[in-house]
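Before any comments, here is the structure.
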Amino acid sequence: MDKTALARNAHRVLRDAIIPELPNPYYGKVRDNYDLPDGRRIIIASDRISAFDRILAAIPFKGQVLTQTARFWFEKTADICPNHVLAYPDPNVVVGRRLDILPVEIVVRDYLAGTTGTSILTLYKKGEREMYGHRLPDGMADNQKLPHPIITPTSKAFDGGHDEPLTPAQIVEQGLLTAEQWETLSKYALALFARGQQIAAERGLILVDTKYEFGVDADGQIILADEIHTPDSSRYWFAESYPQRFAAGQRPDSFDKDFVRAWVAERCDPYKDPIPEIPAQMLVDTAAVYIQAFETITGQTFVIDETDEPVLERVRRNLAEFF
């Protein structure tokens, strides 16, 4: 990573991708989307960083990192599972097939880890052993490897509600998926995760857990959507230091990109108070972590755009064929 080039270009952020010439906009927390009449969707990854149900800041090159990391993985797993990708007209943009997203969120886990209310570590610490249709053994320690990878599905809250843990039986009983769909989806998820762990291990990383999103096309075919194995959708640990830190009861080393979130949480109630101005150096430091993650995960060198063209103008130019 060229940290000098990063610092020199830290002003080059894509805060939003509002392009009036493109039809049917939907603006998410991080990605801005446009649905074309022919069934394609333009997905533009901004540099926004979201936490506490709000936008905190824009991290230079974050959108490019996420798009290009997902591209690496979509290409490495195309033989396992069909995905939504059609083209990459810009470093921040993927054009994909528009899908009907399935109402079940899939997380595959291979370690007793996590901090959210639906994570297996949180549930385990509450004394639960039966979860998501699996039974975990007694006596496990924080961040310990599971006997084998498991799928921990949750209901997907489209209306801003909370995700709820599900078992495979509940998924079928509630009509969220057919038995055949669940079988296909779970087979895909475990195979994708196994490929991810294999390639991550070659890069000195442990793929701990990850989220997948699947949809169906007009023919009912299950398609992998959204992103795959990115620093935002996955937890990675550094393999070399894991055994020693686990034995000492310490948190494993990882790509620590959450210090913006921690900095904000220390200074206000982020759910209620105005967000204080985040120091510019902290944004650059966070960008460096994202770039380090991209380079470590993919083995590729991250290319920093050092032209004078504003990022949004570059995106508009590269999407002009869709106007």
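In the structure tokens, chains take letters A, B, ... by order of appearance, with residues numbered from 1 within each chain and ligands from 1 in the order shown.
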
Using DSSP on the backbone, list every residue of region 56-102 of chain A that comes out as strand (DSSP E), and give them as number ranges by chain. A: 56-58, 85-90, 93-97, 100-101

With a distance cut-off of 12 Å and only C-alpha atoms, select the neighbouring residues of Val260 (chain A), excluding the residue or stretch itself and same-chain residues fewer than 5 positions from it, and output the selection as a PDB file with all heavy atoms, in the first residue's frame.
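Wrote around_13.pdb, looks like this:
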ATOM      1  N   ILE A  49     -19.787   5.223   5.590  1.00  0.00           N
ATOM      2  CA  ILE A  49     -19.673   4.205   6.629  1.00  0.00           C
ATOM      3  C   ILE A  49     -20.871   4.360   7.550  1.00  0.00           C
ATOM      4  O   ILE A  49     -21.183   5.461   8.017  1.00  0.00           O
ATOM      5  CB  ILE A  49     -18.337   4.304   7.404  1.00  0.00           C
ATOM      6  CG1 ILE A  49     -18.205   3.130   8.378  1.00  0.00           C
ATOM      7  CG2 ILE A  49     -18.160   5.632   8.102  1.00  0.00           C
ATOM      8  CD1 ILE A  49     -16.814   2.978   8.972  1.00  0.00           C
ATOM      9  N   SER A  50     -21.568   3.253   7.758  1.00  0.00           N
ATOM     10  CA  SER A  50     -22.811   3.263   8.498  1.00  0.00           C
ATOM     11  C   SER A  50     -22.659   2.491   9.801  1.00  0.00           C
ATOM     12  O   SER A  50     -22.025   1.436   9.841  1.00  0.00           O
ATOM     13  CB  SER A  50     -23.922   2.635   7.641  1.00  0.00           C
ATOM     14  OG  SER A  50     -25.081   2.408   8.394  1.00  0.00           O
ATOM     15  N   ALA A  51     -23.223   3.039  10.866  1.00  0.00           N
ATOM     16  CA  ALA A  51     -23.293   2.352  12.157  1.00  0.00           C
ATOM     17  C   ALA A  51     -24.360   3.054  12.987  1.00  0.00           C
ATOM     18  O   ALA A  51     -24.698   4.219  12.728  1.00  0.00           O
ATOM     19  CB  ALA A  51     -21.950   2.399  12.885  1.00  0.00           C
ATOM     20  N   PHE A  52     -24.891   2.340  13.955  1.00  0.00           N
ATOM     21  CA  PHE A  52     -25.924   2.909  14.831  1.00  0.00           C
ATOM     22  C   PHE A  52     -27.131   3.418  14.039  1.00  0.00           C
ATOM     23  O   PHE A  52     -27.771   4.397  14.406  1.00  0.00           O
ATOM     24  CB  PHE A  52     -25.355   4.057  15.688  1.00  0.00           C
ATOM     25  CG  PHE A  52     -24.021   3.755  16.312  1.00  0.00           C
ATOM     26  CD1 PHE A  52     -22.871   4.431  15.912  1.00  0.00           C
ATOM     27  CD2 PHE A  52     -23.901   2.775  17.287  1.00  0.00           C
ATOM     28  CE1 PHE A  52     -21.635   4.155  16.484  1.00  0.00           C
ATOM     29  CE2 PHE A  52     -22.658   2.491  17.867  1.00  0.00           C
ATOM     30  CZ  PHE A  52     -21.533   3.175  17.464  1.00  0.00           C
ATOM     31  N   ILE A  55     -25.487   7.336   9.119  1.00  0.00           N
ATOM     32  CA  ILE A  55     -24.229   7.515   8.394  1.00  0.00           C
ATOM     33  C   ILE A  55     -23.271   8.325   9.274  1.00  0.00           C
ATOM     34  O   ILE A  55     -23.617   9.412   9.749  1.00  0.00           O
ATOM     35  CB  ILE A  55     -24.463   8.233   7.055  1.00  0.00           C
ATOM     36  CG1 ILE A  55     -25.486   7.472   6.209  1.00  0.00           C
ATOM     37  CG2 ILE A  55     -23.148   8.382   6.304  1.00  0.00           C
ATOM     38  CD1 ILE A  55     -25.117   6.040   5.911  1.00  0.00           C
ATOM     39  N   LEU A  56     -22.064   7.802   9.465  1.00  0.00           N
ATOM     40  CA  LEU A  56     -21.086   8.484  10.322  1.00  0.00           C
ATOM     41  C   LEU A  56     -20.151   9.382   9.525  1.00  0.00           C
ATOM     42  O   LEU A  56     -19.815  10.482   9.969  1.00  0.00           O
ATOM     43  CB  LEU A  56     -20.249   7.455  11.087  1.00  0.00           C
ATOM     44  CG  LEU A  56     -20.991   6.499  12.018  1.00  0.00           C
ATOM     45  CD1 LEU A  56     -19.985   5.611  12.755  1.00  0.00           C
ATOM     46  CD2 LEU A  56     -21.865   7.258  13.003  1.00  0.00           C
ATOM     47  N   ALA A  57     -19.710   8.911   8.370  1.00  0.00           N
ATOM     48  CA  ALA A  57     -18.691   9.645   7.608  1.00  0.00           C
ATOM     49  C   ALA A  57     -18.519   8.962   6.265  1.00  0.00           C
ATOM     50  O   ALA A  57     -19.220   8.009   5.935  1.00  0.00           O
ATOM     51  CB  ALA A  57     -17.364   9.646   8.382  1.00  0.00           C
ATOM     52  N   ALA A  58     -17.564   9.468   5.485  1.00  0.00           N
ATOM     53  CA  ALA A  58     -17.159   8.827   4.237  1.00  0.00           C
ATOM     54  C   ALA A  58     -15.674   8.469   4.345  1.00  0.00           C
ATOM     55  O   ALA A  58     -14.853   9.312   4.709  1.00  0.00           O
ATOM     56  CB  ALA A  58     -17.406   9.745   3.046  1.00  0.00           C
ATOM     57  N   ILE A  59     -15.367   7.213   4.048  1.00  0.00           N
ATOM     58  CA  ILE A  59     -13.994   6.701   4.142  1.00  0.00           C
ATOM     59  C   ILE A  59     -13.408   6.634   2.738  1.00  0.00           C
ATOM     60  O   ILE A  59     -13.956   5.940   1.872  1.00  0.00           O
ATOM     61  CB  ILE A  59     -13.973   5.291   4.767  1.00  0.00           C
ATOM     62  CG1 ILE A  59     -14.684   5.284   6.122  1.00  0.00           C
ATOM     63  CG2 ILE A  59     -12.544   4.779   4.885  1.00  0.00           C
ATOM     64  CD1 ILE A  59     -14.054   6.159   7.164  1.00  0.00           C
ATOM     65  N   ALA A 265     -18.816   6.290  19.668  1.00  0.00           N
ATOM     66  CA  ALA A 265     -19.562   5.775  20.821  1.00  0.00           C
ATOM     67  C   ALA A 265     -19.009   6.290  22.145  1.00  0.00           C
ATOM     68  O   ALA A 265     -19.745   6.426  23.127  1.00  0.00           O
ATOM     69  CB  ALA A 265     -19.545   4.250  20.808  1.00  0.00           C
ATOM     70  N   GLU A 266     -17.702   6.592  22.173  1.00  0.00           N
ATOM     71  CA  GLU A 266     -17.090   7.103  23.398  1.00  0.00           C
ATOM     72  C   GLU A 266     -17.460   8.561  23.677  1.00  0.00           C
ATOM     73  O   GLU A 266     -17.315   9.038  24.805  1.00  0.00           O
ATOM     74  CB  GLU A 266     -15.560   7.003  23.303  1.00  0.00           C
ATOM     75  CG  GLU A 266     -15.030   5.581  23.420  1.00  0.00           C
ATOM     76  CD  GLU A 266     -13.545   5.505  23.104  1.00  0.00           C
ATOM     77  OE1 GLU A 266     -12.937   6.576  22.841  1.00  0.00           O
ATOM     78  OE2 GLU A 266     -12.993   4.390  23.108  1.00  0.00           O
ATOM     79  N   ARG A 267     -17.945   9.273  22.654  1.00  0.00           N
ATOM     80  CA  ARG A 267     -18.137  10.721  22.767  1.00  0.00           C
ATOM     81  C   ARG A 267     -19.598  11.175  22.763  1.00  0.00           C
ATOM     82  O   ARG A 267     -19.872  12.353  22.971  1.00  0.00           O
ATOM     83  CB  ARG A 267     -17.367  11.422  21.636  1.00  0.00           C
ATOM     84  CG  ARG A 267     -15.868  11.410  21.895  1.00  0.00           C
ATOM     85  CD  ARG A 267     -15.042  11.653  20.647  1.00  0.00           C
ATOM     86  NE  ARG A 267     -13.618  11.699  20.990  1.00  0.00           N
ATOM     87  CZ  ARG A 267     -12.866  10.630  21.219  1.00  0.00           C
ATOM     88  NH1 ARG A 267     -13.388   9.427  21.146  1.00  0.00           N
ATOM     89  NH2 ARG A 267     -11.595  10.763  21.544  1.00  0.00           N
ATOM     90  N   PRO A 270     -24.718   7.591  20.205  1.00  0.00           N
ATOM     91  CA  PRO A 270     -24.799   7.682  18.735  1.00  0.00           C
ATOM     92  C   PRO A 270     -26.198   7.454  18.182  1.00  0.00           C
ATOM     93  O   PRO A 270     -26.441   7.738  17.014  1.00  0.00           O
ATOM     94  CB  PRO A 270     -23.821   6.602  18.273  1.00  0.00           C
ATOM     95  CG  PRO A 270     -23.747   5.636  19.402  1.00  0.00           C
ATOM     96  CD  PRO A 270     -23.938   6.432  20.654  1.00  0.00           C
ATOM     97  N   ILE A 275     -23.610  13.588  15.711  1.00  0.00           N
ATOM     98  CA  ILE A 275     -22.306  12.926  15.585  1.00  0.00           C
ATOM     99  C   ILE A 275     -21.214  13.990  15.567  1.00  0.00           C
ATOM    100  O   ILE A 275     -21.243  14.899  14.719  1.00  0.00           O
ATOM    101  CB  ILE A 275     -22.236  12.081  14.305  1.00  0.00           C
ATOM    102  CG1 ILE A 275     -23.323  11.001  14.315  1.00  0.00           C
ATOM    103  CG2 ILE A 275     -20.853  11.454  14.147  1.00  0.00           C
ATOM    104  CD1 ILE A 275     -23.189   9.979  15.416  1.00  0.00           C
ATOM    105  N   PRO A 276     -20.251  13.942  16.481  1.00  0.00           N
ATOM    106  CA  PRO A 276     -19.155  14.921  16.441  1.00  0.00           C
ATOM    107  C   PRO A 276     -18.312  14.742  15.187  1.00  0.00           C
ATOM    108  O   PRO A 276     -18.304  13.657  14.588  1.00  0.00           O
ATOM    109  CB  PRO A 276     -18.351  14.604  17.703  1.00  0.00           C
ATOM    110  CG  PRO A 276     -18.703  13.195  18.055  1.00  0.00           C
ATOM    111  CD  PRO A 276     -20.098  12.972  17.573  1.00  0.00           C
ATOM    112  N   GLU A 277     -17.627  15.800  14.803  1.00  0.00           N
ATOM    113  CA  GLU A 277     -16.796  15.720  13.600  1.00  0.00           C
ATOM    114  C   GLU A 277     -15.639  14.746  13.829  1.00  0.00           C
ATOM    115  O   GLU A 277     -14.889  14.876  14.796  1.00  0.00           O
ATOM    116  CB  GLU A 277     -16.259  17.094  13.216  1.00  0.00           C
ATOM    117  CG  GLU A 277     -15.476  17.075  11.919  1.00  0.00           C
ATOM    118  CD  GLU A 277     -15.054  18.464  11.454  1.00  0.00           C
ATOM    119  OE1 GLU A 277     -15.474  19.453  12.082  1.00  0.00           O
ATOM    120  OE2 GLU A 277     -14.302  18.542  10.466  1.00  0.00           O
ATOM    121  N   ILE A 278     -15.514  13.801  12.945  1.00  0.00           N
ATOM    122  CA  ILE A 278     -14.493  12.768  13.073  1.00  0.00           C
ATOM    123  C   ILE A 278     -13.185  13.295  12.490  1.00  0.00           C
ATOM    124  O   ILE A 278     -13.166  13.838  11.384  1.00  0.00           O
ATOM    125  CB  ILE A 278     -14.946  11.489  12.349  1.00  0.00           C
ATOM    126  CG1 ILE A 278     -16.229  10.965  12.999  1.00  0.00           C
ATOM    127  CG2 ILE A 278     -13.854  10.426  12.381  1.00  0.00           C
ATOM    128  CD1 ILE A 278     -16.918   9.873  12.212  1.00  0.00           C
ATOM    129  N   PRO A 279     -12.074  13.162  13.214  1.00  0.00           N
ATOM    130  CA  PRO A 279     -10.795  13.696  12.714  1.00  0.00           C
ATOM    131  C   PRO A 279     -10.435  13.117  11.346  1.00  0.00           C
ATOM    132  O   PRO A 279     -10.620  11.917  11.097  1.00  0.00           O
ATOM    133  CB  PRO A 279      -9.788  13.257  13.786  1.00  0.00           C
ATOM    134  CG  PRO A 279     -10.606  13.053  15.025  1.00  0.00           C
ATOM    135  CD  PRO A 279     -11.940  12.565  14.560  1.00  0.00           C
ATOM    136  N   ALA A 280      -9.905  13.980  10.491  1.00  0.00           N
ATOM    137  CA  ALA A 280      -9.565  13.567   9.126  1.00  0.00           C
ATOM    138  C   ALA A 280      -8.545  12.427   9.127  1.00  0.00           C
ATOM    139  O   ALA A 280      -8.637  11.510   8.302  1.00  0.00           O
ATOM    140  CB  ALA A 280      -9.026  14.760   8.345  1.00  0.00           C
ATOM    141  N   GLN A 281      -7.584  12.469  10.059  1.00  0.00           N
ATOM    142  CA  GLN A 281      -6.568  11.415  10.087  1.00  0.00           C
ATOM    143  C   GLN A 281      -7.178  10.062  10.408  1.00  0.00           C
ATOM    144  O   GLN A 281      -6.725   9.031   9.895  1.00  0.00           O
ATOM    145  CB  GLN A 281      -5.472  11.757  11.104  1.00  0.00           C
ATOM    146  CG  GLN A 281      -4.287  10.798  11.082  1.00  0.00           C
ATOM    147  CD  GLN A 281      -3.610  10.721   9.716  1.00  0.00           C
ATOM    148  OE1 GLN A 281      -3.302  11.747   9.117  1.00  0.00           O
ATOM    149  NE2 GLN A 281      -3.391   9.505   9.206  1.00  0.00           N
ATOM    150  N   MET A 282      -8.228  10.057  11.238  1.00  0.00           N
ATOM    151  CA  MET A 282      -8.885   8.804  11.562  1.00  0.00           C
ATOM    152  C   MET A 282      -9.550   8.204  10.329  1.00  0.00           C
ATOM    153  O   MET A 282      -9.553   6.984  10.129  1.00  0.00           O
ATOM    154  CB  MET A 282      -9.910   9.007  12.676  1.00  0.00           C
ATOM    155  CG  MET A 282     -10.634   7.744  13.089  1.00  0.00           C
ATOM    156  SD  MET A 282     -11.610   7.983  14.581  1.00  0.00           S
ATOM    157  CE  MET A 282     -10.289   8.149  15.789  1.00  0.00           C
ATOM    158  N   LEU A 283     -10.111   9.045   9.474  1.00  0.00           N
ATOM    159  CA  LEU A 283     -10.730   8.569   8.243  1.00  0.00           C
ATOM    160  C   LEU A 283      -9.677   7.971   7.307  1.00  0.00           C
ATOM    161  O   LEU A 283      -9.903   6.941   6.678  1.00  0.00           O
ATOM    162  CB  LEU A 283     -11.484   9.697   7.552  1.00  0.00           C
ATOM    163  CG  LEU A 283     -12.592  10.379   8.378  1.00  0.00           C
ATOM    164  CD1 LEU A 283     -13.274  11.464   7.562  1.00  0.00           C
ATOM    165  CD2 LEU A 283     -13.606   9.351   8.871  1.00  0.00           C
ATOM    166  N   VAL A 284      -8.513   8.626   7.243  1.00  0.00           N
ATOM    167  CA  VAL A 284      -7.424   8.105   6.415  1.00  0.00           C
ATOM    168  C   VAL A 284      -6.915   6.779   6.985  1.00  0.00           C
ATOM    169  O   VAL A 284      -6.643   5.823   6.237  1.00  0.00           O
ATOM    170  CB  VAL A 284      -6.276   9.131   6.319  1.00  0.00           C
ATOM    171  CG1 VAL A 284      -5.074   8.530   5.581  1.00  0.00           C
ATOM    172  CG2 VAL A 284      -6.745  10.384   5.597  1.00  0.00           C
ATOM    173  N   ASP A 285      -6.783   6.712   8.315  1.00  0.00           N
ATOM    174  CA  ASP A 285      -6.320   5.466   8.945  1.00  0.00           C
ATOM    175  C   ASP A 285      -7.300   4.322   8.675  1.00  0.00           C
ATOM    176  O   ASP A 285      -6.890   3.174   8.446  1.00  0.00           O
ATOM    177  CB  ASP A 285      -6.162   5.666  10.457  1.00  0.00           C
ATOM    178  CG  ASP A 285      -5.012   6.597  10.807  1.00  0.00           C
ATOM    179  OD1 ASP A 285      -4.154   6.840   9.935  1.00  0.00           O
ATOM    180  OD2 ASP A 285      -4.989   7.094  11.960  1.00  0.00           O
ATOM    181  N   THR A 286      -8.598   4.624   8.697  1.00  0.00           N
ATOM    182  CA  THR A 286      -9.599   3.597   8.411  1.00  0.00           C
ATOM    183  C   THR A 286      -9.501   3.161   6.957  1.00  0.00           C
ATOM    184  O   THR A 286      -9.604   1.958   6.645  1.00  0.00           O
ATOM    185  CB  THR A 286     -11.010   4.128   8.714  1.00  0.00           C
ATOM    186  OG1 THR A 286     -11.061   4.579  10.067  1.00  0.00           O
ATOM    187  CG2 THR A 286     -12.059   3.037   8.516  1.00  0.00           C
ATOM    188  N   ALA A 287      -9.294   4.113   6.062  1.00  0.00           N
ATOM    189  CA  ALA A 287      -9.105   3.773   4.649  1.00  0.00           C
ATOM    190  C   ALA A 287      -7.916   2.830   4.483  1.00  0.00           C
ATOM    191  O   ALA A 287      -7.964   1.874   3.695  1.00  0.00           O
ATOM    192  CB  ALA A 287      -8.904   5.043   3.823  1.00  0.00           C
ATOM    193  N   VAL A 289      -6.824   0.651   6.574  1.00  0.00           N
ATOM    194  CA  VAL A 289      -7.200  -0.697   7.023  1.00  0.00           C
ATOM    195  C   VAL A 289      -7.995  -1.412   5.930  1.00  0.00           C
ATOM    196  O   VAL A 289      -7.765  -2.596   5.645  1.00  0.00           O
ATOM    197  CB  VAL A 289      -8.001  -0.633   8.335  1.00  0.00           C
ATOM    198  CG1 VAL A 289      -8.503  -2.027   8.708  1.00  0.00           C
ATOM    199  CG2 VAL A 289      -7.154  -0.072   9.459  1.00  0.00           C
TER     200      VAL A 289
END

Find the nearest atom pair between each residue of region 156-196 of chain A and region 74-95 of chain A for residues within 9 Å, count only C-alpha atoms, give distances in Å to one decimal, sort rows by chain and ascending number, and present the table as a tab-separated table.
residue	atom	partner	partner_atom	distance
A:Tyr188	CA	A:Cys81	CA	6.2
A:Ala189	CA	A:Cys81	CA	8.9
A:Ala191	CA	A:Ile80	CA	7.0
A:Leu192	CA	A:Thr77	CA	6.7
A:Arg195	CA	A:Thr77	CA	7.3
A:Gly196	CA	A:Thr77	CA	8.4

Backbone-only DSSP, alpha helix (DSSP H) members of region 12-181 of chain A, as a ChimeraX atom specification: /A:62-76,120-125,168-173,179-181

Could you write out that same residue set with N, CA and C atoms as an mmCIF file, in the first residue's frame?
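Final output, part_4.cif:
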data_model
loop_
_atom_site.group_PDB
_atom_site.id
_atom_site.type_symbol
_atom_site.label_atom_id
_atom_site.label_comp_id
_atom_site.auth_asym_id
_atom_site.auth_seq_id
_atom_site.Cartn_x
_atom_site.Cartn_y
_atom_site.Cartn_z
ATOM 1 N N LYS A 62 -13.337 3.362 0.249
ATOM 2 C CA LYS A 62 -14.040 2.216 0.849
ATOM 3 C C LYS A 62 -14.940 1.517 -0.175
ATOM 4 N N GLY A 63 -15.681 2.284 -0.964
ATOM 5 C CA GLY A 63 -16.573 1.683 -1.944
ATOM 6 C C GLY A 63 -15.826 0.882 -2.984
ATOM 7 N N GLN A 64 -14.670 1.387 -3.397
ATOM 8 C CA GLN A 64 -13.854 0.666 -4.367
ATOM 9 C C GLN A 64 -13.321 -0.628 -3.760
ATOM 10 N N VAL A 65 -12.883 -0.567 -2.498
ATOM 11 C CA VAL A 65 -12.393 -1.773 -1.829
ATOM 12 C C VAL A 65 -13.477 -2.841 -1.787
ATOM 13 N N LEU A 66 -14.690 -2.469 -1.374
ATOM 14 C CA LEU A 66 -15.754 -3.458 -1.249
ATOM 15 C C LEU A 66 -16.122 -4.049 -2.612
ATOM 16 N N THR A 67 -16.247 -3.186 -3.620
ATOM 17 C CA THR A 67 -16.617 -3.667 -4.951
ATOM 18 C C THR A 67 -15.555 -4.591 -5.525
ATOM 19 N N GLN A 68 -14.291 -4.221 -5.381
ATOM 20 C CA GLN A 68 -13.219 -5.017 -5.978
ATOM 21 C C GLN A 68 -12.915 -6.285 -5.176
ATOM 22 N N THR A 69 -13.120 -6.239 -3.848
ATOM 23 C CA THR A 69 -12.965 -7.466 -3.064
ATOM 24 C C THR A 69 -14.055 -8.460 -3.435
ATOM 25 N N ALA A 70 -15.302 -7.975 -3.532
ATOM 26 C CA ALA A 70 -16.403 -8.849 -3.941
ATOM 27 C C ALA A 70 -16.154 -9.400 -5.344
ATOM 28 N N ARG A 71 -15.607 -8.568 -6.225
ATOM 29 C CA ARG A 71 -15.316 -9.042 -7.582
ATOM 30 C C ARG A 71 -14.335 -10.212 -7.547
ATOM 31 N N PHE A 72 -13.289 -10.085 -6.749
ATOM 32 C CA PHE A 72 -12.313 -11.174 -6.597
ATOM 33 C C PHE A 72 -13.016 -12.462 -6.207
ATOM 34 N N TRP A 73 -13.910 -12.378 -5.226
ATOM 35 C CA TRP A 73 -14.568 -13.586 -4.720
ATOM 36 C C TRP A 73 -15.642 -14.104 -5.667
ATOM 37 N N PHE A 74 -16.387 -13.211 -6.305
ATOM 38 C CA PHE A 74 -17.366 -13.686 -7.283
ATOM 39 C C PHE A 74 -16.670 -14.484 -8.384
ATOM 40 N N GLU A 75 -15.508 -13.998 -8.804
ATOM 41 C CA GLU A 75 -14.782 -14.693 -9.861
ATOM 42 C C GLU A 75 -14.187 -16.012 -9.367
ATOM 43 N N LYS A 76 -13.767 -16.071 -8.106
ATOM 44 C CA LYS A 76 -13.173 -17.286 -7.539
ATOM 45 C C LYS A 76 -14.211 -18.352 -7.207
ATOM 46 N N ILE A 120 -23.762 -16.517 17.867
ATOM 47 C CA ILE A 120 -23.773 -17.751 18.656
ATOM 48 C C ILE A 120 -23.018 -17.583 19.968
ATOM 49 N N LEU A 121 -22.005 -16.704 20.016
ATOM 50 C CA LEU A 121 -21.294 -16.480 21.272
ATOM 51 C C LEU A 121 -22.213 -15.801 22.292
ATOM 52 N N THR A 122 -22.974 -14.807 21.849
ATOM 53 C CA THR A 122 -23.910 -14.128 22.743
ATOM 54 C C THR A 122 -24.928 -15.119 23.304
ATOM 55 N N LEU A 123 -25.492 -15.947 22.437
ATOM 56 C CA LEU A 123 -26.485 -16.925 22.876
ATOM 57 C C LEU A 123 -25.843 -17.978 23.783
ATOM 58 N N TYR A 124 -24.628 -18.379 23.443
ATOM 59 C CA TYR A 124 -23.917 -19.397 24.235
ATOM 60 C C TYR A 124 -23.659 -18.886 25.651
ATOM 61 N N LYS A 125 -23.259 -17.617 25.760
ATOM 62 C CA LYS A 125 -22.972 -17.041 27.077
ATOM 63 C C LYS A 125 -24.239 -16.927 27.926
ATOM 64 N N PRO A 168 -33.820 -24.541 10.257
ATOM 65 C CA PRO A 168 -34.263 -24.979 8.928
ATOM 66 C C PRO A 168 -35.727 -25.418 8.907
ATOM 67 N N ALA A 169 -36.159 -26.102 9.955
ATOM 68 C CA ALA A 169 -37.562 -26.543 10.000
ATOM 69 C C ALA A 169 -38.508 -25.350 10.002
ATOM 70 N N GLN A 170 -38.177 -24.317 10.779
ATOM 71 C CA GLN A 170 -39.030 -23.124 10.828
ATOM 72 C C GLN A 170 -39.066 -22.409 9.480
ATOM 73 N N ILE A 171 -37.949 -22.387 8.786
ATOM 74 C CA ILE A 171 -37.886 -21.727 7.481
ATOM 75 C C ILE A 171 -38.886 -22.357 6.513
ATOM 76 N N VAL A 172 -38.925 -23.664 6.515
ATOM 77 C CA VAL A 172 -39.838 -24.373 5.617
ATOM 78 C C VAL A 172 -41.281 -24.274 6.125
ATOM 79 N N GLU A 173 -41.472 -24.461 7.441
ATOM 80 C CA GLU A 173 -42.822 -24.422 8.015
ATOM 81 C C GLU A 173 -43.488 -23.064 7.814
ATOM 82 N N ALA A 179 -38.540 -26.550 0.835
ATOM 83 C CA ALA A 179 -37.505 -27.486 1.273
ATOM 84 C C ALA A 179 -36.399 -27.601 0.220
ATOM 85 N N GLU A 180 -36.802 -27.574 -1.041
ATOM 86 C CA GLU A 180 -35.810 -27.668 -2.118
ATOM 87 C C GLU A 180 -34.925 -26.422 -2.165
ATOM 88 N N GLN A 181 -35.551 -25.249 -1.993
ATOM 89 C CA GLN A 181 -34.761 -24.017 -1.970
ATOM 90 C C GLN A 181 -33.767 -24.020 -0.816
#

Applying 12 Å and only C-alpha atoms, which residues near Pro243 (chain A) remain after dropping the ones on its own chain fewer than 5 positions away? List them as a PyMOL selection string. chain A and resi 143-145+206+237-238+248-253

For Asp110 (chain A), which residue out of A:Ile19, A:Ile42, A:Val208, A:Leu166 is the nearest one, using only C-alpha atoms?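 When distances to Asp110 (chain A) are compared using only C-alpha atoms, the smallest one comes from A:Val208.
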
Pick from A:Glu202, A:Glu240, A:Glu105, A:Glu321 nearest to Leu176 (chain A), counting only C-alpha atoms: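 Nearest candidate to Leu176 (chain A) out of A:Glu202, A:Glu240, A:Glu105, A:Glu321: A:Glu105.
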
List every residue of region 153-203 of chain A that has an atom at most 12 Å from any atom of region 293-309 of chain A, giving for each one its closest atom pair and the distance in Å to one decimal, counting only C-alpha atoms, sorted by chain and then by ascending residue number, as JSON lines.
{"residue": "A:Gly196", "atom": "CA", "partner": "A:Ile297", "partner_atom": "CA", "distance": 9.9}
{"residue": "A:Gln197", "atom": "CA", "partner": "A:Ile297", "partner_atom": "CA", "distance": 10.8}
{"residue": "A:Gln198", "atom": "CA", "partner": "A:Ile297", "partner_atom": "CA", "distance": 11.5}
{"residue": "A:Ile199", "atom": "CA", "partner": "A:Ile297", "partner_atom": "CA", "distance": 8.3}
{"residue": "A:Ala200", "atom": "CA", "partner": "A:Ile297", "partner_atom": "CA", "distance": 6.5}
{"residue": "A:Ala201", "atom": "CA", "partner": "A:Ile297", "partner_atom": "CA", "distance": 9.5}
{"residue": "A:Glu202", "atom": "CA", "partner": "A:Ile297", "partner_atom": "CA", "distance": 9.3}
{"residue": "A:Arg203", "atom": "CA", "partner": "A:Ile297", "partner_atom": "CA", "distance": 6.4}

Could you check which of A:Asp2, A:Val30, A:Asp100, A:Ala10 is closest to Asp47 (chain A), using only C-alpha atoms?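 Nearest candidate to Asp47 (chain A) out of A:Asp2, A:Val30, A:Asp100, A:Ala10: A:Val30.
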